[in-house]
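Chemist: File data_13.pdb below, PDB, C-alpha atoms:
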ATOM      1  CA  GLN A   1       0.000   0.000   0.000  1.00  0.00           C
ATOM      2  CA  VAL A   2       0.921   3.628  -0.490  1.00  0.00           C
ATOM      3  CA  GLN A   3       0.594   6.114   2.340  1.00  0.00           C
ATOM      4  CA  LEU A   4       0.112   9.759   1.458  1.00  0.00           C
ATOM      5  CA  VAL A   5       0.730  12.708   3.771  1.00  0.00           C
ATOM      6  CA  GLU A   6      -0.527  16.095   2.631  1.00  0.00           C
ATOM      7  CA  SER A   7       0.485  19.454   4.015  1.00  0.00           C
ATOM      8  CA  GLY A   8       0.335  23.142   3.227  1.00  0.00           C
ATOM      9  CA  GLY A   9      -3.341  23.967   3.474  1.00  0.00           C
ATOM     10  CA  GLY A  10      -4.700  26.882   5.437  1.00  0.00           C
ATOM     11  CA  LEU A  11      -6.482  30.210   5.329  1.00  0.00           C
ATOM     12  CA  VAL A  12      -5.438  32.782   2.737  1.00  0.00           C
ATOM     13  CA  GLN A  13      -6.883  36.019   1.452  1.00  0.00           C
ATOM     14  CA  PRO A  14      -8.192  36.334  -2.111  1.00  0.00           C
ATOM     15  CA  GLY A  15      -5.308  36.890  -4.494  1.00  0.00           C
ATOM     16  CA  GLY A  16      -2.886  35.084  -2.206  1.00  0.00           C
ATOM     17  CA  SER A  17      -0.848  31.939  -2.702  1.00  0.00           C
ATOM     18  CA  LEU A  18      -0.411  28.556  -1.061  1.00  0.00           C
ATOM     19  CA  ARG A  19       1.748  25.545  -1.816  1.00  0.00           C
ATOM     20  CA  LEU A  20       0.475  22.056  -1.108  1.00  0.00           C
ATOM     21  CA  SER A  21       2.732  19.037  -0.728  1.00  0.00           C
ATOM     22  CA  CYS A  22       1.948  15.325  -0.787  1.00  0.00           C
ATOM     23  CA  ALA A  23       4.625  12.830   0.201  1.00  0.00           C
ATOM     24  CA  ALA A  24       4.216   9.155  -0.673  1.00  0.00           C
ATOM     25  CA  SER A  25       5.682   6.287   1.314  1.00  0.00           C
ATOM     26  CA  GLY A  26       5.279   2.531   1.542  1.00  0.00           C
ATOM     27  CA  SER A  27       4.913   0.599  -1.716  1.00  0.00           C
ATOM     28  CA  ILE A  28       6.058   3.484  -3.865  1.00  0.00           C
ATOM     29  CA  PHE A  29       7.642   1.478  -6.668  1.00  0.00           C
ATOM     30  CA  SER A  30       5.854   1.748  -9.991  1.00  0.00           C
ATOM     31  CA  ILE A  31       3.979   4.930  -9.044  1.00  0.00           C
ATOM     32  CA  THR A  32       2.855   6.553 -12.263  1.00  0.00           C
ATOM     33  CA  ALA A  33       0.508   9.508 -12.205  1.00  0.00           C
ATOM     34  CA  MET A  34       0.133  11.775  -9.182  1.00  0.00           C
ATOM     35  CA  GLY A  35      -2.398  14.505  -8.778  1.00  0.00           C
ATOM     36  CA  TRP A  36      -4.714  16.732  -6.818  1.00  0.00           C
ATOM     37  CA  TYR A  37      -8.478  16.798  -6.602  1.00  0.00           C
ATOM     38  CA  ARG A  38     -10.744  18.974  -4.511  1.00  0.00           C
ATOM     39  CA  GLN A  39     -14.190  18.839  -3.002  1.00  0.00           C
ATOM     40  CA  ALA A  40     -16.183  21.808  -1.826  1.00  0.00           C
ATOM     41  CA  PRO A  41     -19.196  21.438   0.504  1.00  0.00           C
ATOM     42  CA  GLY A  42     -22.204  20.150  -1.397  1.00  0.00           C
ATOM     43  CA  LYS A  43     -20.219  19.543  -4.567  1.00  0.00           C
ATOM     44  CA  GLU A  44     -18.648  16.543  -6.239  1.00  0.00           C
ATOM     45  CA  ARG A  45     -14.919  15.920  -6.121  1.00  0.00           C
ATOM     46  CA  GLU A  46     -13.253  17.499  -9.142  1.00  0.00           C
ATOM     47  CA  LEU A  47      -9.932  17.375 -10.902  1.00  0.00           C
ATOM     48  CA  VAL A  48      -7.456  20.108 -10.045  1.00  0.00           C
ATOM     49  CA  ALA A  49      -4.279  18.839 -11.709  1.00  0.00           C
ATOM     50  CA  THR A  50      -2.413  15.646 -12.506  1.00  0.00           C
ATOM     51  CA  ILE A  51       1.131  14.922 -13.592  1.00  0.00           C
ATOM     52  CA  THR A  52       2.557  11.833 -15.270  1.00  0.00           C
ATOM     53  CA  GLY A  53       5.740  10.067 -14.290  1.00  0.00           C
ATOM     54  CA  GLY A  54       7.434  11.863 -17.155  1.00  0.00           C
ATOM     55  CA  GLY A  55       6.298  15.239 -15.878  1.00  0.00           C
ATOM     56  CA  SER A  56       3.440  16.053 -18.258  1.00  0.00           C
ATOM     57  CA  PRO A  57       0.775  18.107 -16.471  1.00  0.00           C
ATOM     58  CA  ASN A  58      -2.956  18.297 -16.957  1.00  0.00           C
ATOM     59  CA  TYR A  59      -5.164  20.937 -15.336  1.00  0.00           C
ATOM     60  CA  GLY A  60      -8.818  21.449 -14.637  1.00  0.00           C
ATOM     61  CA  ASP A  61     -10.276  24.384 -16.569  1.00  0.00           C
ATOM     62  CA  SER A  62     -10.969  26.434 -13.454  1.00  0.00           C
ATOM     63  CA  VAL A  63      -7.319  26.511 -12.351  1.00  0.00           C
ATOM     64  CA  LYS A  64      -5.443  26.821 -15.642  1.00  0.00           C
ATOM     65  CA  GLY A  65      -2.978  29.682 -15.578  1.00  0.00           C
ATOM     66  CA  ARG A  66      -3.144  30.010 -11.778  1.00  0.00           C
ATOM     67  CA  PHE A  67      -2.023  26.640 -10.403  1.00  0.00           C
ATOM     68  CA  THR A  68       1.142  24.686 -11.181  1.00  0.00           C
ATOM     69  CA  ILE A  69       1.698  21.023 -10.415  1.00  0.00           C
ATOM     70  CA  SER A  70       5.163  19.514 -10.097  1.00  0.00           C
ATOM     71  CA  ARG A  71       6.761  16.406  -8.685  1.00  0.00           C
ATOM     72  CA  ASP A  72      10.080  15.329  -7.227  1.00  0.00           C
ATOM     73  CA  ASN A  73      10.491  11.645  -8.043  1.00  0.00           C
ATOM     74  CA  ALA A  74      13.520  11.325  -5.773  1.00  0.00           C
ATOM     75  CA  LYS A  75      11.367  12.426  -2.827  1.00  0.00           C
ATOM     76  CA  ASN A  76       8.170  10.742  -4.059  1.00  0.00           C
ATOM     77  CA  THR A  77       6.429  14.046  -3.550  1.00  0.00           C
ATOM     78  CA  VAL A  78       3.953  16.015  -5.627  1.00  0.00           C
ATOM     79  CA  TYR A  79       3.408  19.736  -5.183  1.00  0.00           C
ATOM     80  CA  LEU A  80       0.645  22.159  -6.084  1.00  0.00           C
ATOM     81  CA  GLN A  81       1.544  25.834  -6.271  1.00  0.00           C
ATOM     82  CA  MET A  82      -1.661  27.850  -6.090  1.00  0.00           C
ATOM     83  CA  ASN A  83      -1.547  31.529  -7.052  1.00  0.00           C
ATOM     84  CA  SER A  84      -4.232  34.185  -7.477  1.00  0.00           C
ATOM     85  CA  LEU A  85      -6.514  32.236  -5.185  1.00  0.00           C
ATOM     86  CA  LYS A  86     -10.238  32.938  -5.308  1.00  0.00           C
ATOM     87  CA  PRO A  87     -12.992  32.260  -2.759  1.00  0.00           C
ATOM     88  CA  GLU A  88     -14.326  29.573  -5.091  1.00  0.00           C
ATOM     89  CA  ASP A  89     -11.061  27.664  -4.629  1.00  0.00           C
ATOM     90  CA  THR A  90     -12.141  26.935  -1.070  1.00  0.00           C
ATOM     91  CA  ALA A  91     -12.321  23.157  -0.653  1.00  0.00           C
ATOM     92  CA  VAL A  92     -10.670  20.115   0.818  1.00  0.00           C
ATOM     93  CA  TYR A  93      -7.774  19.186  -1.451  1.00  0.00           C
ATOM     94  CA  TYR A  94      -6.925  15.504  -1.863  1.00  0.00           C
ATOM     95  CA  CYS A  95      -3.762  13.942  -3.216  1.00  0.00           C
ATOM     96  CA  LYS A  96      -4.180  10.921  -5.492  1.00  0.00           C
ATOM     97  CA  VAL A  97      -1.542   8.454  -6.643  1.00  0.00           C
ATOM     98  CA  LEU A  98      -1.754   5.672  -9.224  1.00  0.00           C
ATOM     99  CA  ARG A  99       0.351   2.549  -8.984  1.00  0.00           C
ATOM    100  CA  GLY A 100      -0.592   0.105 -11.691  1.00  0.00           C
ATOM    101  CA  PRO A 101      -4.277  -0.703 -11.122  1.00  0.00           C
ATOM    102  CA  PHE A 102      -4.194   0.644  -7.579  1.00  0.00           C
ATOM    103  CA  VAL A 103      -5.373   4.076  -6.471  1.00  0.00           C
ATOM    104  CA  SER A 104      -4.430   5.737  -3.191  1.00  0.00           C
ATOM    105  CA  TRP A 105      -5.927   8.902  -1.710  1.00  0.00           C
ATOM    106  CA  GLY A 106      -4.597  11.210   0.954  1.00  0.00           C
ATOM    107  CA  GLN A 107      -6.629  12.322   3.937  1.00  0.00           C
ATOM    108  CA  GLY A 108      -7.206  15.788   2.524  1.00  0.00           C
ATOM    109  CA  THR A 109      -6.092  19.262   3.522  1.00  0.00           C
ATOM    110  CA  GLN A 110      -8.409  22.242   3.898  1.00  0.00           C
ATOM    111  CA  VAL A 111      -7.851  25.350   1.810  1.00  0.00           C
ATOM    112  CA  THR A 112      -9.958  28.374   2.690  1.00  0.00           C
ATOM    113  CA  VAL A 113      -9.825  31.566   0.647  1.00  0.00           C
ATOM    114  CA  SER A 114     -11.523  34.393   2.493  1.00  0.00           C
ATOM    115  CA  SER A 115     -10.988  37.984   3.523  1.00  0.00           C
TER     116      SER A 115
END
If you took the structure in this file and wrote it as structure tokens, what would it be?
Modeler:
Amino acid sequence: QVQLVESGGGLVQPGGSLRLSCAASGSIFSITAMGWYRQAPGKERELVATITGGGSPNYGDSVKGRFTISRDNAKNTVYLQMNSLKPEDTAVYYCKVLRGPFVSWGQGTQVTVSS
């Protein structure tokens, strides 16, 4: 199994920035894609960004141009740099990792954008 530990969430004002981190441990061999999803109250979980093992990113439409996903394969860690944050970015952010047919989710970290 893969264990995921997320960090970096918090409260930020509109227009501010946050950086999320997700470190993988355990059965980390053969990890392929890593990514971030989010879920706001009363809404379905949605894609924020994913990144392949080769470093190719994919973004949800609502975050393109504001968020940047990256990964450090040596540290088995994926990052999400979030800039120009908006109140509608408020949600619990979840890390997701694929390893062959297996999917692992983190416990989630709260991001609140409010003045």
Chemist: Write out as a PyMOL selection string which residues come within 10 Å of Ser62 in chain A when counting all atoms listed in the file, dropping same-chain ones fewer than 6 positions away.
Modeler: chain A and resi 47-48+88-89
Chemist: Could you please take those selected residues and save C-alpha atoms as a PDB file, in the frame of the given file?
Modeler:
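That gives us part-v6.pdb:
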ATOM      1  CA  LEU A  47      -9.932  17.375 -10.902  1.00  0.00           C
ATOM      2  CA  VAL A  48      -7.456  20.108 -10.045  1.00  0.00           C
ATOM      3  CA  GLU A  88     -14.326  29.573  -5.091  1.00  0.00           C
ATOM      4  CA  ASP A  89     -11.061  27.664  -4.629  1.00  0.00           C
TER       5      ASP A  89
END
Chemist: What's around range 73-80 of chain A at 9 Å? Count all atoms listed in the file, leave out sequence neighbours fewer than 3 positions away in its own chain, and write the answer as a PyMOL selection string.
Modeler: chain A and resi 18-25+28+31+34-36+49+51+53+67-70+95
Chemist: Rounded to one decimal, what separation in Å do you get between CA of Gly100 in chain A and CA of Thr52 in chain A?
Modeler: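 CA of Thr52 in chain A lies at a distance of 12.7 Å from CA of Gly100 in chain A.
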Chemist: Compile the contact shell of Gln39 in chain A as a list in words: residues with an atom at most 8 Å away, counting only C-alpha atoms, same-chain residues fewer than 2 positions apart removed.
Modeler: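 My list of contacting residues is Tyr37, Pro41, Lys43, Glu44, Arg45, Glu46, Ala91, Val92 and Tyr93 of chain A.
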Chemist: With all atoms listed in the file as the basis for distance, which of A:Gly10, A:Asn83, A:Tyr59, A:Tyr94 is at the shortest distance from Gln107 in chain A?
Modeler: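 When distances to Gln107 in chain A are compared using all atoms listed in the file, the smallest one comes from A:Tyr94.
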Chemist: Kindly give the distance, in Å, that separates CA of Gln110 in chain A and CA of Leu11 in chain A, rounded to a single decimal.
Modeler: 8.3 Å
Chemist: Compare A:Arg66, A:Gly60, A:Ser27, A:Gln1 by their minimum atom-to-atom distance to Ser84 in chain A, counting all atoms listed in the file, and give me the closest one.
Modeler: A:Arg66
Chemist: Could you jot down the CA of Phe102 in chain A to CA of Leu4 in chain A separation for me, Å, one decimal place?
Modeler: 13.5 Å
Chemist: Compare A:Thr109, A:Ser30, A:Thr90, A:Ser104 by their minimum atom-to-atom distance to Gln13 in chain A, counting all atoms listed in the file, and give me the closest one.
Modeler: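 Going through A:Thr109, A:Ser30, A:Thr90, A:Ser104 one by one, the smallest distance to Gln13 in chain A is for A:Thr90.
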